[in-house]
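Shown next, in structure tokens, is the structure this report addresses.
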Amino acid sequence: GAGAYTQLFGRLLLPAVYLYRAWLFLYSMITLDETNSFAMYLSSLSMFAVKTAMLVGLVIASMLVAAGLRSRIIALLFALVNITFVCYQHPFFRFVRREDGEWKYEDVMWMPTVVLSTDTSVVDFEPWQIYDLHKYYFFLGLSTSGALLVLAQFGPGDISVQKNEVVLPVVARTQDLY
């Protein structure tokens, strides 16, 4: 019915987020944004190999989720990695403290990656604005993790390769006969 198509659509949208990030990373590798020469880029070959392996794993895992094959386990792993990444990148709870009955913001906060207009600089932002950006991105990432956890809980749906995937098998307890 219509519910199966909705599940399929949602299952296809979740990997799209990760594939978009993979495409941005691949584009930055091809255009050599981080370095000014190809020789300097190849000199850091170990990080290049690690990032490429992570990129390939991300693309394969995203395709498996989209197809509905091992999607519950992969969604659970994606959710845990995403929660860890979001807590590392946007720890808004570390940037504010309560002092003498009012909220105080830390002076040392890094600016999250945002697109700014040409007439705006990072120094134009107040600490509370940077704090709000971190809070926004934290909860945005957390909601993505929640969607992945829903997929891990309820499975990929009717239109999938593997409909009845078991994340943790049920182990029968032995019973005493006496």
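To be explicit about the labels: the chains of the structure tokens are called A, B, and onward in the order shown, and within each one the residues are counted from 1, while ligands get numbers from 1 in the order they are shown.
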Segment 57-69 of chain A surroundings by only C-alpha atoms, 7 Å radius, close-in-sequence under 5 positions cut, as a ChimeraX atom specification:
/A:11-12,15,19,74,156,160-162
Tell me which of A:Tyr5, A:Phe125, A:Phe78, A:Phe95 sits closest to Ala147 of chain A, counting only C-alpha atoms.
A:Phe78
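For segment 41-171 of chain A, a DSSP pass over the backbone yields strand (DSSP E or B) at Val96, Arg97, Arg98, Glu99, Glu102, Trp103, Lys104 and Tyr105 of chain A.
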Distance in Å - atom CA of Asp107 of chain A versus atom CA of Glu126 of chain A
9.4 Å
Which residues come within 10 Å of Ala22 of chain A, counting only C-alpha atoms, excluding same-chain residues fewer than 6 positions away, as a ChimeraX atom specification?
/A:16,28,52,54-56,58-59
Could you list, as a VMD selection string, every residue within 12 Å of Thr84 of chain A, counting only C-alpha atoms and ignoring same-chain residues fewer than 4 positions away?
chain A and resid 77 to 80 88 to 91 138 141 to 142 145
Nearest to Phe9 of chain A, chosen from A:Lys135, A:Arg97, A:Val50, A:Gly157, with only C-alpha atoms counted in the distances
A:Gly157
Which residue out of A:Ala75, A:Val115, A:Val123, A:Leu133 has the minimum interatomic distance to Leu14 of chain A when only C-alpha atoms are used?
A:Ala75
Residue set, segment 12-173 of chain A restricted to helix (DSSP H, G or I), as a ChimeraX atom specification:
/A:12-31,38-43,45-67,71-89,92-94,122-124,127-154
Can you list, as a list of chain:residue names, every protein, DNA or RNA residue that comes within 12 Å of Pro127 of chain A when you count only C-alpha atoms, leaving out same-chain residues fewer than 6 positions away?
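Non-adjacent residues within range: A:Phe92, A:Phe95, A:Val96, A:Trp103, A:Lys104, A:Tyr105, A:Glu106, A:Asp107, A:Val108, A:Met109, A:Trp110, A:Met111, A:Leu133, A:His134.
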Keeping all heavy atoms, export the residues of the selection given above as a short mmCIF file (atom, residue, chain, number, x, y, z; two decimals), in the first residue's frame.
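As written to disk, part07.cif reads:
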data_model
loop_
_atom_site.label_atom_id
_atom_site.label_comp_id
_atom_site.auth_asym_id
_atom_site.auth_seq_id
_atom_site.Cartn_x
_atom_site.Cartn_y
_atom_site.Cartn_z
N PHE A 92 27.39 22.19 22.02
CA PHE A 92 26.86 23.47 22.50
C PHE A 92 26.74 23.50 24.02
O PHE A 92 26.82 24.56 24.63
CB PHE A 92 25.51 23.76 21.85
CG PHE A 92 24.38 22.95 22.39
CD1 PHE A 92 23.57 23.46 23.39
CD2 PHE A 92 24.11 21.68 21.91
CE1 PHE A 92 22.53 22.71 23.90
CE2 PHE A 92 23.08 20.94 22.41
CZ PHE A 92 22.28 21.46 23.41
N PHE A 95 29.58 25.24 25.82
CA PHE A 95 29.83 26.64 25.54
C PHE A 95 29.03 27.60 26.41
O PHE A 95 29.15 28.81 26.24
CB PHE A 95 29.53 26.95 24.08
CG PHE A 95 30.39 26.20 23.11
CD1 PHE A 95 29.86 25.76 21.90
CD2 PHE A 95 31.71 25.93 23.36
CE1 PHE A 95 30.64 25.08 20.99
CE2 PHE A 95 32.50 25.25 22.47
CZ PHE A 95 31.97 24.83 21.28
N VAL A 96 28.23 27.10 27.31
CA VAL A 96 27.38 27.96 28.12
C VAL A 96 27.41 27.46 29.56
O VAL A 96 27.56 26.27 29.82
CB VAL A 96 25.93 28.01 27.55
CG1 VAL A 96 25.24 26.68 27.71
CG2 VAL A 96 25.13 29.12 28.16
N TRP A 103 22.91 33.33 32.17
CA TRP A 103 23.71 32.48 31.30
C TRP A 103 24.91 33.25 30.78
O TRP A 103 24.80 34.37 30.31
CB TRP A 103 22.87 31.97 30.13
CG TRP A 103 21.82 31.02 30.55
CD1 TRP A 103 20.49 31.28 30.68
CD2 TRP A 103 22.00 29.66 30.91
NE1 TRP A 103 19.83 30.16 31.11
CE2 TRP A 103 20.73 29.15 31.26
CE3 TRP A 103 23.09 28.82 30.99
CZ2 TRP A 103 20.54 27.83 31.65
CZ3 TRP A 103 22.90 27.50 31.38
CH2 TRP A 103 21.64 27.02 31.71
N LYS A 104 26.08 32.62 30.85
CA LYS A 104 27.33 33.19 30.33
C LYS A 104 27.83 32.28 29.21
O LYS A 104 27.82 31.06 29.33
CB LYS A 104 28.41 33.25 31.41
CG LYS A 104 28.02 34.04 32.63
CD LYS A 104 28.12 35.49 32.35
CE LYS A 104 27.82 36.25 33.64
NZ LYS A 104 27.90 37.64 33.50
N TYR A 105 28.24 32.90 28.12
CA TYR A 105 28.75 32.16 26.97
C TYR A 105 30.27 32.20 26.97
O TYR A 105 30.88 33.21 27.33
CB TYR A 105 28.22 32.76 25.66
CG TYR A 105 26.73 32.70 25.56
CD1 TYR A 105 25.95 33.81 25.84
CD2 TYR A 105 26.09 31.52 25.19
CE1 TYR A 105 24.57 33.75 25.76
CE2 TYR A 105 24.72 31.45 25.11
CZ TYR A 105 23.97 32.57 25.39
OH TYR A 105 22.60 32.50 25.32
N GLU A 106 30.88 31.09 26.55
CA GLU A 106 32.33 31.02 26.46
C GLU A 106 32.82 31.97 25.38
O GLU A 106 32.16 32.17 24.36
CB GLU A 106 32.78 29.59 26.11
CG GLU A 106 32.45 28.56 27.18
CD GLU A 106 33.27 28.76 28.44
OE1 GLU A 106 34.42 29.22 28.35
OE2 GLU A 106 32.75 28.46 29.52
N ASP A 107 33.99 32.56 25.60
CA ASP A 107 34.56 33.45 24.59
C ASP A 107 35.26 32.67 23.48
O ASP A 107 35.39 33.16 22.36
CB ASP A 107 35.56 34.40 25.24
CG ASP A 107 34.87 35.38 26.18
OD1 ASP A 107 33.68 35.69 25.94
OD2 ASP A 107 35.51 35.83 27.15
N VAL A 108 35.70 31.46 23.80
CA VAL A 108 36.42 30.65 22.82
C VAL A 108 35.47 29.59 22.27
O VAL A 108 35.29 28.54 22.87
CB VAL A 108 37.66 29.98 23.46
CG1 VAL A 108 38.42 29.18 22.43
CG2 VAL A 108 38.55 31.02 24.10
N MET A 109 34.84 29.91 21.16
CA MET A 109 33.97 28.98 20.45
C MET A 109 34.37 29.01 18.98
O MET A 109 34.60 30.08 18.44
CB MET A 109 32.49 29.40 20.53
CG MET A 109 31.81 29.07 21.80
SD MET A 109 30.03 29.39 21.71
CE MET A 109 29.97 31.11 22.16
N TRP A 110 34.47 27.84 18.38
CA TRP A 110 34.77 27.82 16.96
C TRP A 110 33.49 28.00 16.17
O TRP A 110 32.41 27.62 16.61
CB TRP A 110 35.51 26.56 16.55
CG TRP A 110 34.75 25.30 16.81
CD1 TRP A 110 33.87 24.69 15.97
CD2 TRP A 110 34.79 24.49 17.98
NE1 TRP A 110 33.36 23.55 16.55
CE2 TRP A 110 33.91 23.41 17.78
CE3 TRP A 110 35.50 24.57 19.18
CZ2 TRP A 110 33.73 22.42 18.73
CZ3 TRP A 110 35.31 23.59 20.12
CH2 TRP A 110 34.43 22.53 19.89
N MET A 111 33.64 28.60 15.04
CA MET A 111 32.49 28.87 14.17
C MET A 111 32.19 27.63 13.35
O MET A 111 33.08 27.08 12.71
CB MET A 111 32.83 30.05 13.25
CG MET A 111 31.72 30.46 12.35
SD MET A 111 30.46 31.30 13.31
CE MET A 111 29.44 31.92 12.03
N LEU A 133 24.04 28.64 16.60
CA LEU A 133 24.36 27.84 15.40
C LEU A 133 24.78 26.43 15.78
O LEU A 133 24.34 25.45 15.17
CB LEU A 133 25.48 28.51 14.59
CG LEU A 133 25.08 29.68 13.72
CD1 LEU A 133 26.30 30.37 13.15
CD2 LEU A 133 24.16 29.22 12.60
N HIS A 134 25.63 26.32 16.81
CA HIS A 134 26.05 24.99 17.27
C HIS A 134 24.85 24.19 17.77
O HIS A 134 24.73 23.00 17.50
CB HIS A 134 27.10 25.11 18.37
CG HIS A 134 28.49 25.31 17.86
ND1 HIS A 134 29.21 24.34 17.21
CD2 HIS A 134 29.28 26.40 17.89
CE1 HIS A 134 30.38 24.81 16.87
NE2 HIS A 134 30.46 26.06 17.26
#
